[in-house]
Amino acid sequence: MSAVTIAPAVNEAAPGTSAGRTLEAVRRRGVLRAAVSRGIRGLSLQGPDGWTGLDTDVARAVAAAALGDAEAVQWLPSAPADRLEALSAGDAELTVCNLTWTVRREAQWPVLFAGVTCYDGEGFLVRTDSGIDDPAQLAGRRVAVQDGTTSAANLAAWYGRRGLAVEPVAFPTPADTLAGYASGECAAYVLDRVALAGERAALPDPQAHRILDTAISREPMAAAVRDDDADWYRLCRWVLQLLTAAEHHVDEAGEGRREEALAQAASLAGPHGPAVGLDEGWAARVLAAVGTYADIYERNLGAASGLGVPRGLNELWTRGGLYYPVPLQ
């Protein structure tokens with residue numbers, strides 16, 4: 001993604017530090033196991049050239065830091081209900097699967113959320129010619145949801161407060177849910193609005209469908225790890241912070257000094273790698289592999305992706321968004 005110099009990966013922890021059980025296991029295996037969705041364009045989708053999406057690029061960033069190879073990832077497509085099961089059972093080291101960070105999930109599962117990957121909200125995909133401009137107009141109608149998600153609960157809460165109700169129809173997979181909506185069986189498809197942009201693009205005539213402006217919930221999608229390894233948690237959290245901090249460095253320096261700004265970010269973050277069993281070249285590897293958060297977003301959800309999802313809340317705080325990265329030193 002950039003001309004940042006890539007330092008060779010170190011496969012042993014620095015003297016006096018602990019790589020952590022998870023990092024050691026990942027290195028013995030030679031791959032990072034990442035739970036992803038079963039197919040949502042823009043987030044995690046398998047195509048002829050492999051897996052693409054914002055979530056998959058986050059997993060690649062972690063693999064670049066831990067293994068020195070961004071492609072050393074074993075993808076584990078997971079149903080919404082199984083996203084944390086794979087992690088807690090030890091079948092995955094990372095879940096990046098359009099999973100919303102909630103207190104209930106951290107309280108009920110032995111997991112911790114390492115950081116937000118995309119701020120979103122539950123929304124509605126409807127037919128353009130339906131005349132529907134507001135979710136309230138769907139009262140009494142059938143709406144398609146993915147089984148195992150929080151969509152039905154969000155619908156009940158939003159409509160219940162208004163003395164209204166809809167009939168959620170749960171489908172087992174994203175493809176089945178989209179088909180249930182496209183067939184006319186349901187008047188709307190309910191999902192996180194970023195994910196709906198990818199689903200809309202998969203329809204034969206995307207322009208015949210629109211995503212309503214209203215979001216009925218807060219959905220900070222986040223990367224999750226098990227709660228039994230503080231070093232691995234810190235490693236994944238640092239990787240996420242690096243992506244937005246590096247964007248801030250480029251933003252301050254200007255695109256004309258992009259490479260200098262990336263090198264500065266890598267030089268500030270790199271020396272802290274040995275604290276979690278990494279070498280000092282980890283940050284340079286991450287930025288060379290996937291770029292900054294802005295690069296990841298643009299590639300997978302922005303204009304370059306064909307989806308054209310505005311950054312909105314996913315901008316840096318200096319541009320009205322919610323990303324305020326911690327300092328790298």
# chains A, B, ... in the order shown; residues from 1 in each chain; ligands from 1
call {"tool": "residues_around", "arguments": {"residues": "A:Phe113", "least_positions_apart": "5", "cutoff": "10 Å", "atoms": "only C-alpha atoms", "output": "JSON, numbers by chain"}}
result
{"A": [94, 95, 99, 100, 101, 102, 103, 105, 106, 221, 222, 223, 224, 225, 226, 227, 233, 236, 237]}
call {"tool": "select_by_dssp", "arguments": {"residues": "stretch 24-259 of chain A", "states": "strand (DSSP E or B)", "output": "number ranges by chain"}}
result
A: 32-36, 40, 44-47, 50-52, 73-77, 94-95, 100, 111-120, 122-127, 142-146, 167-171, 188-192, 209-211, 219-226
call {"tool": "residues_around", "arguments": {"residues": "A:Glu167", "least_positions_apart": "2", "cutoff": "10 Å", "atoms": "only C-alpha atoms", "output": "list in words"}}
result
Leu138, Ala139, Gly140, Arg141, Arg142, Val143, Ala144, Val145, Ala152, Leu155, Ala156, Ala165, Val169, Ala170 and Cys186 of chain A
call {"tool": "closest_atom_pairs", "arguments": {"of": "stretch 132-210 of chain A", "to": "stretch 287-307 of chain A", "cutoff": "12 Å", "atoms": "only C-alpha atoms", "output": "Markdown table"}}
result
| residue | atom | partner | partner_atom | distance |
| --- | --- | --- | --- | --- |
| A:Arg193 | CA | A:Leu301 | CA | 11.5 |
| A:Val194 | CA | A:Leu301 | CA | 8.0 |
| A:Ala195 | CA | A:Leu301 | CA | 9.5 |
| A:Leu196 | CA | A:Leu307 | CA | 10.0 |
| A:Ala197 | CA | A:Leu307 | CA | 6.3 |
| A:Gly198 | CA | A:Leu307 | CA | 6.7 |
| A:Glu199 | CA | A:Leu307 | CA | 9.9 |
| A:Arg200 | CA | A:Leu307 | CA | 9.0 |
| A:Ala201 | CA | A:Leu307 | CA | 7.0 |
| A:Ala202 | CA | A:Leu307 | CA | 10.4 |
| A:Pro206 | CA | A:Leu307 | CA | 10.4 |
| A:Gln207 | CA | A:Leu307 | CA | 11.9 |
call {"tool": "write_last_selection", "arguments": {"atoms": "all heavy atoms", "output": "short mmCIF file (atom, residue, chain, number, x, y, z; two decimals), in the first residue's frame"}}
result
data_model
loop_
_atom_site.label_atom_id
_atom_site.label_comp_id
_atom_site.auth_asym_id
_atom_site.auth_seq_id
_atom_site.Cartn_x
_atom_site.Cartn_y
_atom_site.Cartn_z
N ARG A 193 -26.50 -0.38 8.18
CA ARG A 193 -26.61 0.38 6.94
C ARG A 193 -25.39 0.22 6.04
O ARG A 193 -25.51 0.20 4.81
CB ARG A 193 -26.87 1.86 7.25
CG ARG A 193 -28.20 2.05 7.98
CD ARG A 193 -28.46 3.51 8.36
NE ARG A 193 -28.91 4.26 7.20
CZ ARG A 193 -28.22 5.21 6.60
NH1 ARG A 193 -27.02 5.55 7.07
NH2 ARG A 193 -28.72 5.85 5.57
N VAL A 194 -24.20 0.10 6.63
CA VAL A 194 -23.01 -0.14 5.82
C VAL A 194 -23.11 -1.48 5.10
O VAL A 194 -22.81 -1.60 3.91
CB VAL A 194 -21.74 -0.09 6.69
CG1 VAL A 194 -20.54 -0.68 5.95
CG2 VAL A 194 -21.43 1.36 7.09
N ALA A 195 -23.56 -2.50 5.82
CA ALA A 195 -23.73 -3.81 5.20
C ALA A 195 -24.81 -3.79 4.13
O ALA A 195 -24.71 -4.46 3.10
CB ALA A 195 -24.06 -4.85 6.27
N LEU A 196 -25.86 -3.00 4.35
CA LEU A 196 -26.93 -2.90 3.35
C LEU A 196 -26.44 -2.32 2.04
O LEU A 196 -26.96 -2.66 0.97
CB LEU A 196 -28.08 -2.04 3.89
CG LEU A 196 -29.06 -2.71 4.86
CD1 LEU A 196 -30.11 -1.71 5.31
CD2 LEU A 196 -29.71 -3.94 4.24
N ALA A 197 -25.44 -1.45 2.10
CA ALA A 197 -24.88 -0.90 0.87
C ALA A 197 -24.31 -2.01 -0.01
O ALA A 197 -24.47 -2.00 -1.23
CB ALA A 197 -23.80 0.14 1.18
N GLY A 198 -23.63 -2.97 0.62
CA GLY A 198 -23.10 -4.10 -0.13
C GLY A 198 -24.20 -5.01 -0.65
O GLY A 198 -24.13 -5.52 -1.77
N GLU A 199 -25.23 -5.23 0.17
CA GLU A 199 -26.35 -6.08 -0.24
C GLU A 199 -27.11 -5.44 -1.40
O GLU A 199 -27.51 -6.11 -2.35
CB GLU A 199 -27.28 -6.33 0.95
CG GLU A 199 -26.62 -7.08 2.09
CD GLU A 199 -26.33 -8.52 1.72
OE1 GLU A 199 -25.31 -8.77 1.02
OE2 GLU A 199 -27.10 -9.41 2.10
N ARG A 200 -27.32 -4.15 -1.33
CA ARG A 200 -28.01 -3.43 -2.41
C ARG A 200 -27.26 -3.56 -3.73
O ARG A 200 -27.86 -3.78 -4.79
CB ARG A 200 -28.14 -1.95 -2.03
CG ARG A 200 -28.71 -1.05 -3.11
CD ARG A 200 -28.80 0.38 -2.60
NE ARG A 200 -29.28 1.30 -3.63
CZ ARG A 200 -28.48 1.96 -4.46
NH1 ARG A 200 -27.16 1.81 -4.38
NH2 ARG A 200 -29.00 2.77 -5.36
N ALA A 201 -25.92 -3.48 -3.66
CA ALA A 201 -25.11 -3.58 -4.87
C ALA A 201 -25.21 -4.96 -5.52
O ALA A 201 -24.92 -5.10 -6.71
CB ALA A 201 -23.65 -3.26 -4.54
N ALA A 202 -25.60 -5.97 -4.75
CA ALA A 202 -25.70 -7.33 -5.28
C ALA A 202 -27.01 -7.58 -6.02
O ALA A 202 -27.16 -8.61 -6.69
CB ALA A 202 -25.56 -8.34 -4.14
N PRO A 206 -29.59 -2.16 -8.69
CA PRO A 206 -29.44 -1.46 -7.40
C PRO A 206 -30.21 -0.14 -7.32
O PRO A 206 -30.69 0.23 -6.25
CB PRO A 206 -27.93 -1.23 -7.31
CG PRO A 206 -27.33 -2.31 -8.15
CD PRO A 206 -28.29 -2.49 -9.29
N GLN A 207 -30.34 0.54 -8.45
CA GLN A 207 -31.01 1.84 -8.43
C GLN A 207 -32.50 1.72 -8.12
O GLN A 207 -33.15 2.72 -7.80
CB GLN A 207 -30.82 2.54 -9.78
CG GLN A 207 -29.37 2.85 -10.12
CD GLN A 207 -28.68 3.65 -9.03
OE1 GLN A 207 -29.24 4.64 -8.52
NE2 GLN A 207 -27.47 3.27 -8.66
#
call {"tool": "residues_around", "arguments": {"residues": "A:Leu125", "least_positions_apart": "2", "cutoff": "7 Å", "atoms": "only C-alpha atoms", "output": "list in words"}}
result
Gly123, Ala188, Tyr189, Val190, Leu196, His209, Arg210, Ile211 and Leu212 of chain A
call {"tool": "write_last_selection", "arguments": {"atoms": "N, CA, C and O atoms", "output": "mmCIF file, in the first residue's frame"}}
result
data_model
loop_
_atom_site.group_PDB
_atom_site.id
_atom_site.type_symbol
_atom_site.label_atom_id
_atom_site.label_comp_id
_atom_site.auth_asym_id
_atom_site.auth_seq_id
_atom_site.Cartn_x
_atom_site.Cartn_y
_atom_site.Cartn_z
ATOM 1 N N GLY A 123 -30.479 -0.175 9.657
ATOM 2 C CA GLY A 123 -31.258 0.591 8.692
ATOM 3 C C GLY A 123 -32.164 -0.293 7.859
ATOM 4 O O GLY A 123 -32.306 -1.491 8.112
ATOM 5 N N ALA A 188 -39.019 -4.876 3.265
ATOM 6 C CA ALA A 188 -37.738 -4.233 3.554
ATOM 7 C C ALA A 188 -36.741 -5.277 4.022
ATOM 8 O O ALA A 188 -37.116 -6.379 4.447
ATOM 9 N N TYR A 189 -35.476 -4.917 3.919
ATOM 10 C CA TYR A 189 -34.376 -5.730 4.432
ATOM 11 C C TYR A 189 -33.735 -4.897 5.524
ATOM 12 O O TYR A 189 -33.342 -3.747 5.304
ATOM 13 N N VAL A 190 -33.643 -5.455 6.732
ATOM 14 C CA VAL A 190 -33.122 -4.722 7.880
ATOM 15 C C VAL A 190 -31.745 -5.266 8.258
ATOM 16 O O VAL A 190 -31.580 -6.463 8.500
ATOM 17 N N LEU A 196 -25.862 -2.999 4.348
ATOM 18 C CA LEU A 196 -26.935 -2.903 3.355
ATOM 19 C C LEU A 196 -26.435 -2.323 2.037
ATOM 20 O O LEU A 196 -26.957 -2.660 0.969
ATOM 21 N N HIS A 209 -33.619 0.318 -5.641
ATOM 22 C CA HIS A 209 -33.715 0.141 -4.197
ATOM 23 C C HIS A 209 -32.952 1.268 -3.505
ATOM 24 O O HIS A 209 -31.973 1.793 -4.043
ATOM 25 N N ARG A 210 -33.391 1.622 -2.321
ATOM 26 C CA ARG A 210 -32.714 2.688 -1.584
ATOM 27 C C ARG A 210 -32.647 2.349 -0.105
ATOM 28 O O ARG A 210 -33.462 1.571 0.410
ATOM 29 N N ILE A 211 -31.629 2.910 0.549
ATOM 30 C CA ILE A 211 -31.459 2.748 1.990
ATOM 31 C C ILE A 211 -32.022 3.990 2.663
ATOM 32 O O ILE A 211 -31.623 5.118 2.341
ATOM 33 N N LEU A 212 -32.959 3.791 3.566
ATOM 34 C CA LEU A 212 -33.562 4.926 4.251
ATOM 35 C C LEU A 212 -32.522 5.672 5.088
ATOM 36 O O LEU A 212 -31.562 5.076 5.589
#
